[in-house]
Structure formats: C-alpha cells, structure tokens
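Enquirer: Input structure: query_9.cif, which contains mmCIF, C-alpha atoms.
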```cif
data_protein
#
loop_
_atom_site.label_atom_id
_atom_site.label_comp_id
_atom_site.auth_asym_id
_atom_site.auth_seq_id
_atom_site.Cartn_x
_atom_site.Cartn_y
_atom_site.Cartn_z
CA MET L 1 55.78 21.40 45.52
CA THR L 2 55.29 20.06 42.00
CA ALA L 3 51.89 18.54 42.83
CA THR L 4 50.79 21.76 44.51
CA THR L 5 51.84 23.81 41.49
CA ALA L 6 50.02 21.50 39.08
CA GLU L 7 46.87 21.60 41.20
CA ARG L 8 46.97 25.39 41.33
CA ALA L 9 47.41 25.54 37.55
CA ARG L 10 44.41 23.33 36.96
CA ARG L 11 42.32 25.43 39.34
CA ASP L 12 43.35 28.66 37.63
CA SER L 13 42.57 27.14 34.23
CA GLY L 14 39.11 26.11 35.43
CA GLU L 15 38.49 29.61 36.80
CA ARG L 16 39.46 31.13 33.47
CA LYS L 17 37.06 28.79 31.66
CA VAL L 18 34.21 29.74 33.98
CA HIS L 19 35.15 33.41 33.72
CA HIS L 20 35.00 33.33 29.92
CA GLY L 21 31.73 31.39 29.93
CA TRP L 22 32.91 28.10 28.40
CA SER L 23 33.16 25.76 31.36
CA THR L 24 32.79 22.10 30.41
CA ASP L 25 30.36 21.67 33.33
CA HIS L 26 28.08 24.35 31.92
CA PRO L 27 28.08 24.23 28.08
CA ARG L 28 27.60 27.46 26.19
CA ARG L 29 24.06 28.28 25.09
CA SER L 30 23.48 29.87 21.74
CA VAL L 31 20.62 32.36 21.82
CA LEU L 32 20.31 32.27 18.04
CA LEU L 33 20.11 28.47 18.00
CA THR L 34 17.49 28.51 20.75
CA VAL L 35 15.36 31.02 18.83
CA LEU L 36 15.66 28.97 15.64
CA MET L 37 14.65 25.80 17.45
CA ILE L 38 11.63 27.53 18.98
CA CYS L 39 10.60 28.82 15.55
CA ALA L 40 10.94 25.34 14.07
CA LEU L 41 8.88 23.89 16.93
CA LEU L 42 6.13 26.45 16.37
CA TYR L 43 6.22 25.80 12.64
CA PHE L 44 5.55 22.09 13.14
CA LEU L 45 3.09 22.42 16.01
CA LEU L 46 0.96 25.27 14.64
CA PRO L 47 -0.97 23.12 12.10
CA LEU L 48 -1.67 20.51 14.77
CA TYR L 49 -2.81 23.24 17.19
CA TRP L 50 -5.13 24.69 14.53
CA LEU L 51 -6.52 21.21 13.86
CA VAL L 52 -7.30 20.71 17.55
CA VAL L 53 -8.93 24.14 17.83
CA ALA L 54 -10.95 23.77 14.63
CA SER L 55 -12.24 20.34 15.64
CA THR L 56 -14.01 21.94 18.62
CA LYS L 57 -16.00 24.33 16.43
CA SER L 58 -19.31 23.87 14.70
CA ASN L 59 -19.65 24.23 10.96
CA ALA L 60 -20.83 27.83 11.37
CA ASP L 61 -18.11 28.78 13.88
CA LEU L 62 -15.39 27.65 11.48
CA PHE L 63 -16.09 30.67 9.29
CA SER L 64 -17.18 33.21 11.91
CA SER L 65 -14.65 32.93 14.77
CA PHE L 66 -10.91 33.51 14.94
CA GLY L 67 -9.10 30.52 13.48
CA LEU L 68 -6.44 30.15 16.18
CA TRP L 69 -8.73 30.34 19.18
CA PHE L 70 -11.66 28.37 20.53
CA ALA L 71 -15.26 29.38 19.94
CA GLU L 72 -17.64 30.16 22.78
CA ARG L 73 -19.41 26.83 22.34
CA ASN L 74 -17.41 23.61 22.32
CA SER L 75 -18.78 21.28 19.63
CA PHE L 76 -16.09 18.60 19.71
CA VAL L 77 -18.41 15.85 21.00
CA ALA L 78 -21.05 16.68 18.40
CA ASN L 79 -18.43 16.74 15.65
CA LEU L 80 -17.03 13.43 16.82
CA ARG L 81 -20.49 11.90 16.81
CA ALA L 82 -21.10 13.23 13.31
CA VAL L 83 -17.82 11.76 12.06
CA PHE L 84 -18.68 8.24 13.18
CA THR L 85 -22.37 8.33 12.21
CA SER L 86 -22.39 10.20 8.89
CA TYR L 87 -23.26 8.12 5.84
CA ASP L 88 -23.99 5.02 7.92
CA GLY L 89 -20.67 5.13 9.76
CA VAL L 90 -18.48 4.84 6.66
CA PHE L 91 -15.63 6.57 8.54
CA LEU L 92 -15.11 3.43 10.64
CA LEU L 93 -14.87 1.39 7.45
CA TRP L 94 -12.29 3.78 6.03
CA LEU L 95 -10.37 3.67 9.31
CA ARG L 96 -10.32 -0.13 9.25
CA ASN L 97 -9.13 -0.13 5.63
CA THR L 98 -6.34 2.30 6.48
CA VAL L 99 -5.17 0.21 9.43
CA VAL L 100 -5.11 -2.94 7.29
CA TYR L 101 -3.26 -1.27 4.43
CA ALA L 102 -0.73 0.44 6.68
CA VAL L 103 -0.01 -2.46 9.05
CA VAL L 104 0.31 -5.16 6.37
CA SER L 105 2.39 -2.90 4.13
CA SER L 106 4.71 -1.67 6.87
CA VAL L 107 5.35 -5.11 8.36
CA GLY L 108 5.92 -6.67 4.96
CA ALA L 109 8.11 -3.82 3.72
CA ALA L 110 10.20 -3.84 6.91
CA PHE L 111 10.81 -7.59 6.63
CA LEU L 112 11.69 -7.50 2.93
CA ALA L 113 13.96 -4.47 3.34
CA THR L 114 15.70 -6.10 6.32
CA ALA L 115 16.28 -9.37 4.49
CA ALA L 116 17.55 -7.59 1.38
CA GLY L 117 19.75 -5.17 3.31
CA TYR L 118 21.25 -8.01 5.36
CA ALA L 119 21.97 -9.98 2.19
CA PHE L 120 23.64 -7.02 0.49
CA ALA L 121 25.73 -6.31 3.58
CA LYS L 122 26.86 -9.81 4.54
CA TYR L 123 26.92 -11.92 1.35
CA ARG L 124 28.99 -11.79 -1.81
CA PHE L 125 27.19 -12.81 -5.00
CA PRO L 126 27.45 -11.97 -8.72
CA GLY L 127 25.82 -8.70 -9.67
CA ARG L 128 25.49 -7.47 -6.10
CA ASP L 129 26.87 -3.99 -6.77
CA ALA L 130 24.88 -3.58 -9.99
CA ILE L 131 21.62 -4.60 -8.29
CA PHE L 132 22.26 -2.31 -5.34
CA SER L 133 23.07 0.58 -7.70
CA SER L 134 19.72 -0.01 -9.39
CA ILE L 135 18.00 0.17 -6.01
CA LEU L 136 19.76 3.45 -5.25
CA GLY L 137 18.59 4.78 -8.61
CA ALA L 138 15.02 3.79 -7.76
CA ILE L 139 15.16 6.07 -4.71
CA MET L 140 15.44 9.05 -7.04
CA VAL L 141 12.22 8.18 -8.93
CA PRO L 142 9.14 9.94 -7.47
CA THR L 143 6.38 7.56 -6.43
CA THR L 144 3.80 9.66 -8.28
CA ALA L 145 5.65 9.01 -11.53
CA LEU L 146 5.17 5.27 -11.00
CA ALA L 147 1.48 5.45 -10.14
CA VAL L 148 0.12 5.28 -13.68
CA PRO L 149 2.48 2.47 -14.85
CA THR L 150 1.61 0.57 -11.67
CA TYR L 151 -2.09 1.01 -12.40
CA LEU L 152 -1.68 -0.32 -15.95
CA LEU L 153 0.30 -3.30 -14.65
CA PHE L 154 -2.28 -4.16 -12.02
CA ALA L 155 -5.12 -3.68 -14.51
CA LYS L 156 -3.52 -6.34 -16.73
CA ILE L 157 -3.67 -8.87 -13.90
CA SER L 158 -7.11 -7.75 -12.66
CA LEU L 159 -5.96 -6.53 -9.25
CA THR L 160 -7.31 -2.99 -9.44
CA ASN L 161 -10.06 -2.07 -6.99
CA THR L 162 -8.73 -4.65 -4.53
CA PRO L 163 -6.75 -4.19 -1.29
CA TRP L 164 -3.71 -5.77 -3.01
CA ALA L 165 -3.55 -2.80 -5.37
CA VAL L 166 -2.57 -0.65 -2.39
CA ILE L 167 -0.59 -3.19 -0.35
CA LEU L 168 1.69 -4.75 -2.99
CA PRO L 169 3.24 -1.48 -4.29
CA SER L 170 3.83 -0.36 -0.69
CA LEU L 171 5.97 -3.43 0.01
CA VAL L 172 8.73 -2.05 -2.22
CA THR L 173 10.91 0.43 -0.30
CA PRO L 174 14.26 1.15 -1.99
CA PHE L 175 15.25 3.59 0.74
CA GLY L 176 14.48 0.94 3.35
CA VAL L 177 16.82 -1.52 1.61
CA TYR L 178 19.57 1.09 1.51
CA LEU L 179 19.04 1.99 5.16
CA MET L 180 19.10 -1.63 6.30
CA ARG L 181 22.25 -2.42 4.33
CA VAL L 182 24.11 0.45 5.96
CA TYR L 183 22.77 -0.51 9.39
CA ALA L 184 23.41 -4.25 9.02
CA ALA L 185 27.01 -3.68 7.95
CA ASP L 186 27.87 -2.38 11.43
CA ALA L 187 25.18 -3.86 13.67
CA VAL L 188 25.84 -7.52 12.82
CA ASP L 189 29.46 -8.47 13.39
CA ASP L 190 30.96 -11.00 11.00
CA SER L 191 32.45 -12.95 13.91
CA LEU L 192 28.94 -13.64 15.23
CA ILE L 193 27.90 -15.08 11.90
CA GLU L 194 31.02 -17.23 11.67
CA ALA L 195 30.55 -18.47 15.23
CA ALA L 196 26.97 -19.45 14.46
CA ARG L 197 28.09 -21.30 11.34
CA VAL L 198 30.73 -23.17 13.32
CA ASP L 199 28.00 -24.22 15.76
CA GLY L 200 26.07 -25.72 12.84
CA ALA L 201 23.39 -23.05 12.37
CA GLY L 202 21.99 -22.59 8.88
CA GLU L 203 21.75 -19.25 7.11
CA MET L 204 18.02 -18.86 7.78
CA ARG L 205 18.48 -19.63 11.46
CA ILE L 206 21.35 -17.16 11.70
CA PHE L 207 19.18 -14.47 10.15
CA PHE L 208 16.12 -15.05 12.35
CA ARG L 209 17.86 -15.95 15.63
CA VAL L 210 20.96 -13.74 15.55
CA ALA L 211 20.85 -10.96 12.96
CA LEU L 212 17.20 -9.99 13.27
CA ARG L 213 17.52 -9.26 16.99
CA LEU L 214 20.48 -6.96 16.41
CA LEU L 215 18.67 -5.21 13.57
CA THR L 216 15.53 -4.41 15.59
CA PRO L 217 16.09 -0.60 15.78
CA GLY L 218 16.61 -0.45 12.02
CA VAL L 219 13.57 -2.65 11.40
CA ILE L 220 11.40 -0.36 13.54
CA THR L 221 12.71 2.66 11.64
CA VAL L 222 11.76 1.21 8.25
CA LEU L 223 8.44 0.03 9.67
CA LEU L 224 7.54 3.51 10.89
CA PHE L 225 8.61 5.17 7.64
CA THR L 226 6.44 2.79 5.63
CA LEU L 227 3.58 3.04 8.13
CA VAL L 228 3.45 6.82 7.82
CA ALA L 229 3.86 6.72 4.02
CA THR L 230 1.07 4.17 3.55
CA TRP L 231 -1.21 5.83 6.12
CA ASN L 232 -0.90 9.18 4.35
CA ASN L 233 -0.88 7.77 0.81
CA TYR L 234 -3.51 9.47 -1.31
CA PHE L 235 -2.65 9.29 -5.00
CA LEU L 236 -2.15 5.52 -5.29
CA PRO L 237 -5.48 4.54 -3.64
CA LEU L 238 -7.21 7.29 -5.61
CA ILE L 239 -6.32 5.77 -8.98
CA MET L 240 -6.41 2.12 -7.89
CA LEU L 241 -9.75 1.99 -6.05
CA ASN L 242 -13.20 2.65 -7.45
CA SER L 243 -15.38 1.43 -4.59
CA SER L 244 -15.87 3.71 -1.60
CA GLU L 245 -15.95 0.62 0.67
CA LEU L 246 -12.23 0.13 -0.07
CA TYR L 247 -11.18 3.75 0.41
CA PRO L 248 -8.60 4.66 3.07
CA LEU L 249 -9.07 7.73 5.24
CA THR L 250 -7.14 10.02 2.91
CA VAL L 251 -9.37 9.39 -0.08
CA GLY L 252 -12.55 9.19 2.00
CA LEU L 253 -11.96 12.51 3.74
CA ALA L 254 -11.05 14.12 0.42
CA GLN L 255 -14.38 12.87 -0.92
CA TRP L 256 -16.18 14.50 2.01
CA GLN L 257 -14.24 17.70 1.39
CA SER L 258 -15.31 17.75 -2.26
CA THR L 259 -18.92 17.18 -1.26
CA ALA L 260 -18.77 20.02 1.28
CA ALA L 261 -17.13 22.38 -1.23
CA ALA L 262 -19.83 21.60 -3.78
CA GLY L 263 -22.50 22.46 -1.21
CA SER L 264 -24.36 19.19 -1.59
CA GLY L 265 -25.63 17.03 1.24
CA SER L 266 -27.24 17.99 4.51
CA GLN L 267 -24.38 17.06 6.83
CA PRO L 268 -21.99 19.71 8.22
CA LEU L 269 -19.10 18.09 6.38
CA PHE L 270 -16.49 20.80 6.88
CA SER L 271 -16.38 20.21 10.63
CA SER L 272 -16.56 16.45 10.04
CA VAL L 273 -13.57 16.57 7.69
CA ILE L 274 -11.50 18.51 10.22
CA THR L 275 -12.47 16.32 13.17
CA GLY L 276 -11.93 13.19 11.09
CA SER L 277 -8.47 14.45 10.17
CA LEU L 278 -7.67 14.87 13.87
CA VAL L 279 -8.88 11.35 14.62
CA SER L 280 -6.75 9.98 11.77
CA VAL L 281 -3.61 11.49 13.31
CA VAL L 282 -4.09 9.82 16.71
CA PRO L 283 -3.12 6.25 15.67
CA LEU L 284 0.17 7.49 14.18
CA MET L 285 1.00 9.36 17.38
CA VAL L 286 0.25 6.24 19.43
CA ALA L 287 2.45 4.15 17.12
CA PHE L 288 5.37 6.54 17.52
CA LEU L 289 5.02 6.69 21.29
CA PHE L 290 4.81 2.91 21.55
CA LEU L 291 7.65 2.07 19.13
CA GLN L 292 10.16 4.74 20.13
CA ARG L 293 11.38 2.61 23.03
CA PHE L 294 12.99 0.29 20.50
CA TRP L 295 15.29 3.17 19.53
CA GLN L 296 16.19 3.93 23.13
CA SER L 297 17.02 0.39 24.22
CA GLY L 298 18.52 -2.73 22.80
CA LEU L 299 20.96 -1.02 20.44
CA SER L 300 23.83 -3.11 21.76
CA THR L 301 21.92 -6.22 22.81
CA GLY L 302 23.96 -9.26 21.87
CA GLY L 303 26.84 -7.13 20.61
CA VAL L 304 30.44 -8.28 20.58
CA LYS L 305 32.46 -7.24 23.60
CA GLY L 306 35.81 -5.72 22.85
#
```
Would you write out, as structure tokens, the structure that this file holds?

Expert:
Amino acid sequence: MTATTAERARRDSGERKVHHGWSTDHPRRSVLLTVLMICALLYFLLPLYWLVVASTKSNADLFSSFGLWFAERNSFVANLRAVFTSYDGVFLLWLRNTVVYAVVSSVGAAFLATAAGYAFAKYRFPGRDAIFSSILGAIMVPTTALAVPTYLLFAKISLTNTPWAVILPSLVTPFGVYLMRVYAADAVDDSLIEAARVDGAGEMRIFFRVALRLLTPGVITVLLFTLVATWNNYFLPLIMLNSSELYPLTVGLAQWQSTAAAGSGSQPLFSSVITGSLVSVVPLMVAFLFLQRFWQSGLSTGGVKG
C-alpha cells in the first residue's frame, strides 16, 4: 500500500508539473528571450549579408540598386577577377602578408601565454603576485595608446617597415596570460605534476608532455583571439609600415578605399574593396570551423579520475 501511494503521489506531481507548463522533460521557453536572441542574431549577420550581396554588384549597381538585395546582373566573378588582378595582383601579396603576420603572431602568442600562465599557476617564486598584477594592469591599457611608443622604440632599433614591427608587438597578450593562468590552475592537477617528478621527468618535459596536452582548449582559445586581433589589426601596421609590399589586407584595402573616394584611377575600386573584404573574412571563418573541434573534445583527456 505504501509503494502504491508513493507511486500515485509521484504521478500526480508529474501531472501538475505538466499542467502548469514546467515539466522537466519539456523546459519552459521564454518568448522574450527567443525574440532577443533572434534580434542579436540578425544584428550580427546583417553586415555579413550586406557584404555578400554587395560583392555581387558592379560598381554602378552599388549606388543605384537597393542595398539589401541583389542586382539584376550578378558581377561577383568579375569583381573577384578584378580583386586578384588589379595593380598587378597586389591583393595576393597583401593576403600572404596577412597570413604570415597572423599565423606567426598567434602561434607565438599562444605559446608564450601558455608558458607564462602555467608558470604563474603552478610555481611559487619571488615577485609572482606583483608581476601578475602588472600583467592585469596592462590589460586595461588600450593597444592604440601603445602604438606610438612602440613605433618610437622600434625606430630606435631600426625595425620599422619590417615584418617584425607587426609580429613582435602581437606576441604580447596580457589577457592571454591571465586566461591561461586561470585555466591551468584547474586543468593541470598538481598530483600529475608530482607523479611525473617522481618518475624522473624534468620541468620542461612535464610542461611539453603532460601540461600542454591538458591545456590544448585554452591554447586554441588564445590562438584564435590573437589570430583575429592580428588579422584585423589596422593601426599598428599603418604606422609601422611604409612600403605597400609589406601591407596587410586591412591597410591595403583602406588604401584602395581612399583611392576610390578620391576618384583617381581607372579601376572600379569600390566593388573591389567590398569583394576583397569578403575574401578576407573567409580564412577566419575556415579557421574557426577547423579549430572549434578542440573545444568540443579533449577537455578531460588525461584528467585525474576521482
């Protein structure tokens, strides 16, 4: 009788939950939250949609047809051809420069931030808290405020107008160090480090063979942050580089935009700037799609079993 009564009570409770619309099997749906999420999605996708639509228009159609819809004639192939052939194919040179700057900077910054964050999280040394507090303070300094002092410093050592003028400043990521310290504190268990030391492994081997594998999701996060920041960096290359052969895409496309606005040149540069901007977004999208699997797997690989 007791079991029957308890079963009936649970069934009645479940019916009441379903009746009032808050069954655990069917979570409540907020209409307001859904509308807000849709608005946020449209807010982020609308510029990309406009970029796709505008890249299919000729230079004349950009100013004569409705901005959010396609023109009668699709000129995407012609625009794409113009992007890669204008000014002796300088767009490919800018694309190569951007890839070199972004890849070298992101890989180097991710490694340095990981090593520093792991050291702050797992080692005790004099001045650790003071140094880390200085790094936290550096996060609050805008990068644009450091551009001119960085230029003066690099001019003293004759590194301006070289690829190192863009790469070396991008290797410093205070936020990446902070992120990796927080992540390493929980991802790498102290018992794993002690066990490796007992087995005779040195500190460098522990870092590369044990800790680095557990820190992979955090490393990919810092790498992507730096990749996007360097890929989209405009102000630093603008003041550091004088030769157009060293320009990244951001500065090169801005140069085309200035030329088109001034009305000089015979090329339809407005459509080339828009199509070139679309092409410049594609590598970042590919990088995100390729690297996101590191966030979805391997978070507990090699973890300590409780």

Enquirer: To verify the selection step, state as an MDAnalysis selection string which residues the PyMOL selection byres ((chain L and resi 220) around 8) yields on this input.

Expert: chainID L and resid 110 216:219 221:224 291 294:295

Enquirer: Please evaluate the PyMOL selection byres ((chain L and resi 252) around 10) against the displayed coordinates and give the resulting residues as a PyMOL selection string.

Expert: chain L and resi 90-91+93-95+234+238+244-251+253-258+273+276

Enquirer: Tell me which residues the PyMOL selection byres ((chain L and resi 83) around 12) grabs here, as an NGL selection string.

Expert: :L and (55 or 76-82 or 84-95 or 249 or 252-253 or 256 or 267-280)

Enquirer: One decimal, in Å: what's the spacing between CA of Val99 in chain L and CA of Val281 in chain L?

Expert: 12.0 Å

Enquirer: Record the distance separating CA of Val172 in chain L and CA of Leu112 in chain L, expressed in Å with one decimal.

Expert: 8.1 Å

Enquirer: Since the input has fewer atoms than a full residue there, write range 154-185 of chain L out with N, CA and C atoms, as a short mmCIF file (atom, residue, chain, number, x, y, z; two decimals), in the frame of the given file.

Expert:
```
data_model
loop_
_atom_site.label_atom_id
_atom_site.label_comp_id
_atom_site.auth_asym_id
_atom_site.auth_seq_id
_atom_site.Cartn_x
_atom_site.Cartn_y
_atom_site.Cartn_z
N PHE L 154 -1.29 -3.46 -12.85
CA PHE L 154 -2.28 -4.16 -12.02
C PHE L 154 -3.59 -4.38 -12.77
N ALA L 155 -3.91 -3.48 -13.71
CA ALA L 155 -5.12 -3.68 -14.51
C ALA L 155 -4.97 -4.90 -15.42
N LYS L 156 -3.76 -5.18 -15.88
CA LYS L 156 -3.52 -6.34 -16.73
C LYS L 156 -3.77 -7.65 -15.98
N ILE L 157 -3.50 -7.64 -14.68
CA ILE L 157 -3.67 -8.87 -13.90
C ILE L 157 -4.92 -8.81 -13.02
N SER L 158 -5.80 -7.86 -13.31
CA SER L 158 -7.11 -7.75 -12.66
C SER L 158 -7.01 -7.60 -11.14
N LEU L 159 -6.10 -6.77 -10.69
CA LEU L 159 -5.96 -6.53 -9.25
C LEU L 159 -6.37 -5.11 -8.86
N THR L 160 -6.82 -4.31 -9.81
CA THR L 160 -7.31 -2.99 -9.44
C THR L 160 -8.62 -3.11 -8.66
N ASN L 161 -8.88 -2.09 -7.85
CA ASN L 161 -10.06 -2.07 -6.99
C ASN L 161 -10.08 -3.25 -6.01
N THR L 162 -8.89 -3.64 -5.57
CA THR L 162 -8.73 -4.65 -4.53
C THR L 162 -7.73 -4.13 -3.50
N PRO L 163 -7.75 -4.64 -2.28
CA PRO L 163 -6.75 -4.19 -1.29
C PRO L 163 -5.32 -4.43 -1.73
N TRP L 164 -5.07 -5.48 -2.56
CA TRP L 164 -3.71 -5.77 -3.01
C TRP L 164 -3.15 -4.66 -3.89
N ALA L 165 -4.02 -3.89 -4.53
CA ALA L 165 -3.55 -2.80 -5.37
C ALA L 165 -2.88 -1.70 -4.56
N VAL L 166 -3.21 -1.62 -3.28
CA VAL L 166 -2.57 -0.65 -2.39
C VAL L 166 -1.42 -1.28 -1.61
N ILE L 167 -1.57 -2.54 -1.22
CA ILE L 167 -0.59 -3.19 -0.35
C ILE L 167 0.67 -3.57 -1.12
N LEU L 168 0.52 -4.22 -2.28
CA LEU L 168 1.69 -4.75 -2.99
C LEU L 168 2.69 -3.65 -3.40
N PRO L 169 2.24 -2.51 -3.98
CA PRO L 169 3.24 -1.48 -4.29
C PRO L 169 3.93 -0.90 -3.05
N SER L 170 3.24 -0.93 -1.91
CA SER L 170 3.83 -0.36 -0.69
C SER L 170 4.88 -1.27 -0.08
N LEU L 171 4.96 -2.52 -0.53
CA LEU L 171 5.97 -3.43 0.01
C LEU L 171 7.36 -3.13 -0.52
N VAL L 172 7.45 -2.36 -1.60
CA VAL L 172 8.73 -2.05 -2.22
C VAL L 172 9.24 -0.73 -1.67
N THR L 173 10.34 -0.77 -0.91
CA THR L 173 10.91 0.43 -0.30
C THR L 173 12.41 0.48 -0.58
N PRO L 174 12.82 1.08 -1.69
CA PRO L 174 14.26 1.15 -1.99
C PRO L 174 15.07 1.84 -0.90
N PHE L 175 14.51 2.91 -0.34
CA PHE L 175 15.25 3.59 0.74
C PHE L 175 15.39 2.69 1.96
N GLY L 176 14.38 1.87 2.23
CA GLY L 176 14.48 0.94 3.35
C GLY L 176 15.58 -0.09 3.14
N VAL L 177 15.74 -0.58 1.91
CA VAL L 177 16.82 -1.52 1.61
C VAL L 177 18.18 -0.86 1.82
N TYR L 178 18.31 0.37 1.32
CA TYR L 178 19.57 1.09 1.51
C TYR L 178 19.86 1.32 2.99
N LEU L 179 18.85 1.73 3.74
CA LEU L 179 19.04 1.99 5.16
C LEU L 179 19.45 0.72 5.90
N MET L 180 18.80 -0.39 5.59
CA MET L 180 19.10 -1.63 6.30
C MET L 180 20.46 -2.19 5.90
N ARG L 181 20.90 -1.96 4.68
CA ARG L 181 22.25 -2.42 4.33
C ARG L 181 23.30 -1.66 5.12
N VAL L 182 23.15 -0.35 5.19
CA VAL L 182 24.11 0.45 5.96
C VAL L 182 24.08 0.05 7.43
N TYR L 183 22.88 -0.17 7.97
CA TYR L 183 22.77 -0.51 9.39
C TYR L 183 23.29 -1.92 9.67
N ALA L 184 22.98 -2.87 8.79
CA ALA L 184 23.41 -4.25 9.02
C ALA L 184 24.92 -4.40 8.91
N ALA L 185 25.56 -3.58 8.11
CA ALA L 185 27.01 -3.68 7.95
C ALA L 185 27.75 -3.48 9.26
#
```
